[in-house]
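Let me begin by presenting the structure, written as structure tokens, before commenting on it.
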Amino acid sequence: MNDHASLPEQDLPPGRHRHLKEHLMREIRQHPVREGNTARRRRWLRPVVAGPALAGALTLAVIAGIAVTGADSSATPVGSDGKATYAFAPRVNGDTTGGAADLLDRIATVAAQSPAGDPVRDDQFVYIRSRVAAATVGEGIGTKLAALHRREVWLSVDGTRPGLLREPGAVSDGEELERAPAPGEPGYEQSTHYRHLQTLPTTPDAMLTWLRSPGEKGNEERDPDQDAFVLAAGLLDESLMPPDVGAALFRATARIPGVVVVPDAVNAAGKHGVAVARYDAYNPGLRDELIFDRKTLEFIGSRSVATKATDSIEAGQVLSTSAVLERAVVDTRGRRP
């Protein structure tokens, strides 16, 4: 019944935190790559969705040596020969394998078997707690991840009431989120409230068509496959997916060309998992990763990793990271499970 959902025809509304990714990518684009600057540069095209891995206030900090300080203020050495951490992927250009289709099919099977739980009421809110951090880059500034911090969102199940965002230390702390568009209003097809997600396609082919659809028609520079991967990532980071829709999302992602497996990826909570990843078609110096628990195959976070060095960015540095710690349905906005 969900395979005929109306498909969006225009760009999604401005993303929650795209400004930070634009800033990061502008820096990557403007600085020469140490390995040689032969690749053709492309104008940054904003992604259709950005998840909380791209959140955070801009932090001006100069890196001393190659060290990153976490939320507990302990320094974790990282570098080209170091171990994989939430802040660094030491083998970023040699740590991928094939097998994404098989992995995503297994993930989809697990998602489809997820217990439905109690019926979700229209007057409830989807609660998501995560840990996030993002880097700040700029001319003359060393690149360093900001301190990891907590992020909590409450999203209206049916989209008729404003949600809430709490992100301590950020300008968005305590921000009231706008009501989602109603059916027939502009932007409804791109909204992520639970009732709308229930209407999305439940077969891989139809879901892939939906994922590729957002974007400006007639734009020759647009890459529908890249848009599809980023949209899938955004849905996973901060929404509650119905089991059948989630299964279709994973199997559709498996059909996007260029998706690879990263056997060892680390989320913002320091947990090692396995990731499916794609090199950003718009920004060749970036790789986006979706991280899953190796045993349960549950989605546990995401990260964006620099794959090319610039004057202020080392290949392997993590530029944004998240860890999804809890998802639940609650009766009241602002209440925790």
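Starting from 1 in every chain, residues are counted up; chains themselves are A, B, ... following the order of the structure tokens, and ligands are numbered from 1 as listed.
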
In segment 128-332 of chain A, DSSP strand (DSSP E or B) residues written as a count of residues only = 75

Hey, could you make a per-residue contact list for segment 215-249 of chain A against segment 260-284 of chain A with 9 Å as the cut-off, showing the nearest pair of atoms and its distance in Å to one decimal, counting only C-alpha atoms, sorted by chain and number, as JSON lines?
```
{"residue": "A:Glu221", "atom": "CA", "partner": "A:Tyr282", "partner_atom": "CA", "distance": 8.7}
{"residue": "A:Arg222", "atom": "CA", "partner": "A:Tyr282", "partner_atom": "CA", "distance": 8.5}
{"residue": "A:Asp223", "atom": "CA", "partner": "A:Ala281", "partner_atom": "CA", "distance": 7.2}
{"residue": "A:Asp225", "atom": "CA", "partner": "A:Ala281", "partner_atom": "CA", "distance": 8.6}
{"residue": "A:Gln226", "atom": "CA", "partner": "A:Ala281", "partner_atom": "CA", "distance": 6.1}
{"residue": "A:Phe229", "atom": "CA", "partner": "A:Arg278", "partner_atom": "CA", "distance": 7.6}
```

Which residues come within 9 Å of Gln113 of chain A, counting only C-alpha atoms, excluding same-chain residues fewer than 3 positions away, as a PDB file with N, CA, C and O atoms, in the first residue's frame?
```pdb
ATOM      1  N   ALA A 108      18.639  -5.109   6.474  1.00  0.00           N
ATOM      2  CA  ALA A 108      17.220  -4.952   6.135  1.00  0.00           C
ATOM      3  C   ALA A 108      16.385  -6.061   6.741  1.00  0.00           C
ATOM      4  O   ALA A 108      15.267  -5.824   7.235  1.00  0.00           O
ATOM      5  N   THR A 109      16.908  -7.285   6.726  1.00  0.00           N
ATOM      6  CA  THR A 109      16.183  -8.412   7.310  1.00  0.00           C
ATOM      7  C   THR A 109      15.960  -8.201   8.797  1.00  0.00           C
ATOM      8  O   THR A 109      14.867  -8.443   9.328  1.00  0.00           O
ATOM      9  N   VAL A 110      16.987  -7.715   9.492  1.00  0.00           N
ATOM     10  CA  VAL A 110      16.851  -7.418  10.920  1.00  0.00           C
ATOM     11  C   VAL A 110      15.837  -6.301  11.143  1.00  0.00           C
ATOM     12  O   VAL A 110      14.987  -6.375  12.041  1.00  0.00           O
ATOM     13  N   ALA A 116       7.111  -4.310  16.639  1.00  0.00           N
ATOM     14  CA  ALA A 116       6.346  -3.081  16.426  1.00  0.00           C
ATOM     15  C   ALA A 116       6.125  -2.321  17.726  1.00  0.00           C
ATOM     16  O   ALA A 116       6.023  -1.097  17.741  1.00  0.00           O
ATOM     17  N   PRO A 243       9.205  -0.515  10.551  1.00  0.00           N
ATOM     18  CA  PRO A 243      10.042  -1.648  10.159  1.00  0.00           C
ATOM     19  C   PRO A 243      10.050  -1.946   8.665  1.00  0.00           C
ATOM     20  O   PRO A 243      11.123  -2.148   8.074  1.00  0.00           O
ATOM     21  N   ASP A 244       8.885  -1.978   8.020  1.00  0.00           N
ATOM     22  CA  ASP A 244       8.860  -2.328   6.599  1.00  0.00           C
ATOM     23  C   ASP A 244       9.479  -1.236   5.742  1.00  0.00           C
ATOM     24  O   ASP A 244      10.148  -1.507   4.740  1.00  0.00           O
ATOM     25  N   ALA A 247      13.330  -1.463   6.189  1.00  0.00           N
ATOM     26  CA  ALA A 247      13.893  -2.555   5.403  1.00  0.00           C
ATOM     27  C   ALA A 247      14.034  -2.144   3.941  1.00  0.00           C
ATOM     28  O   ALA A 247      15.057  -2.419   3.294  1.00  0.00           O
TER      29      ALA A 247
END
```

Check the DSSP output for the backbone and give back, as a short mmCIF file (atom, residue, chain, number, x, y, z; two decimals) with all heavy atoms, in the first residue's frame, the residues of segment 88-144 of chain A in helix (DSSP H, G or I).
```cif
data_model
loop_
_atom_site.label_atom_id
_atom_site.label_comp_id
_atom_site.auth_asym_id
_atom_site.auth_seq_id
_atom_site.Cartn_x
_atom_site.Cartn_y
_atom_site.Cartn_z
N ALA A 100 28.75 -4.51 0.15
CA ALA A 100 27.74 -3.63 0.73
C ALA A 100 26.33 -4.17 0.51
O ALA A 100 25.46 -4.05 1.39
CB ALA A 100 27.87 -2.22 0.15
N ALA A 101 26.09 -4.75 -0.65
CA ALA A 101 24.74 -5.26 -0.94
C ALA A 101 24.37 -6.38 0.03
O ALA A 101 23.24 -6.41 0.56
CB ALA A 101 24.67 -5.75 -2.38
N ASP A 102 25.29 -7.31 0.28
CA ASP A 102 25.01 -8.41 1.20
C ASP A 102 24.81 -7.89 2.62
O ASP A 102 23.90 -8.33 3.34
CB ASP A 102 26.16 -9.42 1.18
CG ASP A 102 26.20 -10.21 -0.12
OD1 ASP A 102 25.18 -10.25 -0.84
OD2 ASP A 102 27.27 -10.76 -0.43
N LEU A 103 25.67 -6.96 3.05
CA LEU A 103 25.56 -6.42 4.40
C LEU A 103 24.23 -5.69 4.58
O LEU A 103 23.52 -5.89 5.58
CB LEU A 103 26.72 -5.47 4.69
CG LEU A 103 26.67 -4.70 6.01
CD1 LEU A 103 26.65 -5.67 7.19
CD2 LEU A 103 27.85 -3.74 6.13
N LEU A 104 23.86 -4.85 3.62
CA LEU A 104 22.62 -4.09 3.74
C LEU A 104 21.40 -4.99 3.65
O LEU A 104 20.36 -4.71 4.26
CB LEU A 104 22.58 -3.00 2.66
CG LEU A 104 23.47 -1.79 2.96
CD1 LEU A 104 23.69 -0.95 1.72
CD2 LEU A 104 22.86 -0.94 4.08
N ASP A 105 21.51 -6.10 2.93
CA ASP A 105 20.39 -7.04 2.89
C ASP A 105 20.19 -7.69 4.26
O ASP A 105 19.05 -7.86 4.72
CB ASP A 105 20.65 -8.12 1.84
CG ASP A 105 19.48 -9.08 1.70
OD1 ASP A 105 18.40 -8.64 1.24
OD2 ASP A 105 19.63 -10.26 2.08
N ARG A 106 21.29 -8.02 4.95
CA ARG A 106 21.17 -8.58 6.29
C ARG A 106 20.62 -7.55 7.27
O ARG A 106 19.81 -7.86 8.14
CB ARG A 106 22.54 -9.09 6.77
CG ARG A 106 22.99 -10.34 6.03
CD ARG A 106 24.19 -10.99 6.71
NE ARG A 106 25.40 -10.20 6.51
CZ ARG A 106 26.15 -9.72 7.47
NH1 ARG A 106 25.82 -9.93 8.74
NH2 ARG A 106 27.25 -9.04 7.21
N ILE A 107 21.07 -6.30 7.12
CA ILE A 107 20.56 -5.22 7.97
C ILE A 107 19.06 -5.03 7.73
O ILE A 107 18.28 -4.84 8.67
CB ILE A 107 21.33 -3.92 7.70
CG1 ILE A 107 22.78 -4.05 8.18
CG2 ILE A 107 20.65 -2.73 8.37
CD1 ILE A 107 23.67 -2.91 7.76
N ALA A 108 18.64 -5.11 6.47
CA ALA A 108 17.22 -4.95 6.14
C ALA A 108 16.39 -6.06 6.74
O ALA A 108 15.27 -5.82 7.24
CB ALA A 108 17.05 -4.93 4.62
N THR A 109 16.91 -7.29 6.73
CA THR A 109 16.18 -8.41 7.31
C THR A 109 15.96 -8.20 8.80
O THR A 109 14.87 -8.44 9.33
CB THR A 109 16.96 -9.72 7.07
OG1 THR A 109 17.07 -9.94 5.66
CG2 THR A 109 16.25 -10.90 7.71
N VAL A 110 16.99 -7.71 9.49
CA VAL A 110 16.85 -7.42 10.92
C VAL A 110 15.84 -6.30 11.14
O VAL A 110 14.99 -6.38 12.04
CB VAL A 110 18.22 -7.04 11.52
CG1 VAL A 110 18.06 -6.52 12.95
CG2 VAL A 110 19.16 -8.23 11.50
N ALA A 111 15.91 -5.25 10.32
CA ALA A 111 14.98 -4.12 10.46
C ALA A 111 13.53 -4.55 10.27
O ALA A 111 12.63 -4.11 10.99
CB ALA A 111 15.34 -3.02 9.47
N ALA A 112 13.29 -5.42 9.30
CA ALA A 112 11.94 -5.87 9.02
C ALA A 112 11.36 -6.69 10.16
O ALA A 112 10.14 -6.75 10.34
CB ALA A 112 11.91 -6.69 7.73
#
```

What is the distance between atom CA of Leu286 of chain A and atom CA of Leu319 of chain A, in Å to one decimal?
->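 Between atom CA of Leu286 of chain A and atom CA of Leu319 of chain A the gap works out to 8.9 Å.
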
What gap, in Å, lies between atom CA of Thr307 of chain A and atom CA of Asn93 of chain A?
-> 6.4 Å
